[in-house]
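Notes follow once the structure below has been shown.
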Amino acid sequence: MSYIPFEEYSRRWIFNHKDLPVTPEDKAQIKPMTAERSLQLWRAQISEKSLDHSFFQKDDWAGNSKSWLEQEDWQKVWERPGNELPELLAQHFQWEDNTVVYFCYDSENVIETTWGVYRRCWKNFLFFDDGPLLIGKKRKQVAQFFDNGQVRIGLKP
């Protein structure tokens, strides 16, 4: 089994927050991965050695400064009404709504969804903002979010 039932996901409250409602249709497409599947994806797509962003090595694409292009403040946009993405993210990710994306909190906590669901619910995902990565299946564009309110965008090799 690759996914944890949504009702059993320890962080499901971020998608049940009364101030940031998520539709039942979108919740059905938010798929928390098991720790084993998360680790498998993390090792294949992010790092074979580092288990979270704090330990990226220079030979990890995410630890290489050349992977990152620019950054901006995401937190100011998060605090505004509505679910519009920060401008830098909206420009960087020109994906179809059905593109599979992975929101990677760490090597044991990854959520699979679609770009359309992520765009509508991005604020919910960022209740935990200590370095998570947003990557797309078979896509080069990436983003990383930080608890100081910054997001950086880049490209995977």
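Ligands are numbered from 1 in the order shown, residues from 1 within each chain, and chains are lettered A, B, ... in the order they appear in the structure tokens.
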At a cut-off of 10 Å, can you tabulate as a Markdown table every residue of segment 74-128 of chain A near segment 46-52 of chain A together with its closest atom pair and the distance in Å to one decimal, using only C-alpha atoms and ordering rows by chain then number?
| residue | atom | partner | partner_atom | distance |
| --- | --- | --- | --- | --- |
| A:Cys104 | CA | A:Asp52 | CA | 9.2 |
| A:Tyr105 | CA | A:Asp52 | CA | 7.7 |
| A:Asp106 | CA | A:Asp52 | CA | 4.8 |
| A:Ser107 | CA | A:Leu51 | CA | 5.1 |
| A:Glu108 | CA | A:Leu51 | CA | 8.1 |
| A:Asn109 | CA | A:Asp52 | CA | 10.0 |
Quick one: which segment 123-143 of chain A residues come within 6 Å of segment 90-102 of chain A, and what is the nearest atom pair for each with the distance in Å to one decimal, counting only C-alpha atoms, rows ordered by chain and ascending number, as JSON lines?
{"residue": "A:Leu134", "atom": "CA", "partner": "A:Tyr102", "partner_atom": "CA", "distance": 5.9}
{"residue": "A:Ile135", "atom": "CA", "partner": "A:Tyr102", "partner_atom": "CA", "distance": 5.4}
{"residue": "A:Gly136", "atom": "CA", "partner": "A:Val101", "partner_atom": "CA", "distance": 4.2}
{"residue": "A:Lys137", "atom": "CA", "partner": "A:Val100", "partner_atom": "CA", "distance": 5.5}
Residues of the last selection are to be written out with N, CA and C atoms, as a PDB file, in the first residue's frame.
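What follows is the written file result-v6.pdb:
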ATOM      1  N   LEU A 134       8.189  21.374  -3.091  1.00  0.00           N
ATOM      2  CA  LEU A 134       7.130  21.076  -4.034  1.00  0.00           C
ATOM      3  C   LEU A 134       7.802  20.650  -5.329  1.00  0.00           C
ATOM      4  N   ILE A 135       7.515  19.425  -5.761  1.00  0.00           N
ATOM      5  CA  ILE A 135       8.067  18.919  -7.011  1.00  0.00           C
ATOM      6  C   ILE A 135       6.929  18.312  -7.832  1.00  0.00           C
ATOM      7  N   GLY A 136       7.133  18.247  -9.120  1.00  0.00           N
ATOM      8  CA  GLY A 136       6.137  17.656 -10.006  1.00  0.00           C
ATOM      9  C   GLY A 136       6.660  16.373 -10.615  1.00  0.00           C
ATOM     10  N   LYS A 137       5.756  15.473 -10.889  1.00  0.00           N
ATOM     11  CA  LYS A 137       6.138  14.211 -11.525  1.00  0.00           C
ATOM     12  C   LYS A 137       6.649  14.508 -12.940  1.00  0.00           C
TER      13      LYS A 137
END
- Task: For Lys66 of chain A, list every protein, DNA or RNA residue within 12 Å, evaluated using only C-alpha atoms, and leave out those in the same chain fewer than 3 positions away; present the list as a VMD selection string.
- Result: chain A and resid 58 to 63 69 to 70 153 to 157
- Task: Check the DSSP output for the backbone and give back, as a VMD selection string, the residues of segment 59-157 of chain A in strand (DSSP E).
- Result: chain A and resid 68 to 73 100 to 106 109 to 114 133 to 136 141 to 145 150 to 155
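Residue nearest Ser67 of chain A, chosen from A:Asn124, A:Thr34, A:Trp115, A:Lys140 and counting only C-alpha atoms: A:Lys140.
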- Item | Atomic distance atom CA of Pro32 of chain A - atom CA of Val151 of chain A, expressed in Å with one decimal | 22.4 Å
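Here atom CA of Phe128 of chain A is placed at a distance of 14.2 Å from atom CA of Tyr9 of chain A.
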- Find, counting only C-alpha atoms, the residue in A:Cys121, A:Ile30, A:Leu89, A:Leu133 that gets nearest to Glu72 of chain A.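 Looking only at the distances to Glu72 of chain A, the closest residue turns out to be A:Leu89.
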Please identify all polymer residues within 8 Å of Asp73 of chain A, counting only C-alpha atoms, omitting same-chain residues fewer than 6 positions from it, and present them as a compact mmCIF listing (two decimals) with C-alpha atoms, in the first residue's frame.
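Result file result.txt:
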# COMPACT_ATOMS: atom_id res chain seq x y z
CA PRO A 86 2.39 34.20 -4.81
CA GLY A 149 8.17 33.42 5.01
CA GLN A 150 10.44 32.95 2.00
CA VAL A 151 10.00 30.60 -0.95
- Message: Using only C-alpha atoms for the distances, tell me which of A:Ser10, A:Gln71, A:Gln141, A:Asn83 is nearest to Val117 of chain A.
- Response: A:Asn83
- Message: When you count only C-alpha atoms, which of these residues is closest to Ile14 of chain A: A:Lys138, A:Lys27, A:Asp147, A:Gly131?
- Response: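 Smallest distance to Ile14 of chain A is found for A:Lys27.
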- Report as an MDAnalysis selection string: the residues of segment 70-112 of chain A with a DSSP assignment of alpha helix (DSSP H), based on the backbone of this structure. chainID A and resid 75:78 87:92
- Task: Rank A:Gln40, A:Thr23, A:Gln29, A:Gln144 by their smallest atom-to-atom distance to Leu126 of chain A, using only C-alpha atoms, and report the top residue only.
- Result: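 Ranking A:Gln40, A:Thr23, A:Gln29, A:Gln144 by distance to Leu126 of chain A, first place goes to A:Gln144.
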Counting only C-alpha atoms, what are the residues of segment 34-127 of chain A within 12 Å of segment 3-7 of chain A, and for each of them which pair of atoms is the nearest and at what distance in Å, to one decimal? Sort the table by chain and rising number, as CSV.
residue,atom,partner,partner_atom,distance
A:Thr34,CA,A:Tyr3,CA,5.1
A:Ala35,CA,A:Tyr3,CA,8.9
A:Glu36,CA,A:Tyr3,CA,9.6
A:Arg37,CA,A:Tyr3,CA,7.8
A:Ser38,CA,A:Tyr3,CA,9.1
A:Glu108,CA,A:Tyr3,CA,11.9
A:Asn109,CA,A:Ile4,CA,10.5
A:Val110,CA,A:Tyr3,CA,9.7
A:Ile111,CA,A:Tyr3,CA,8.8
A:Glu112,CA,A:Tyr3,CA,8.9
A:Thr113,CA,A:Tyr3,CA,11.5
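As for atom CA of Glu87 of chain A and atom CA of Phe145 of chain A, they are spaced 14.3 Å apart.
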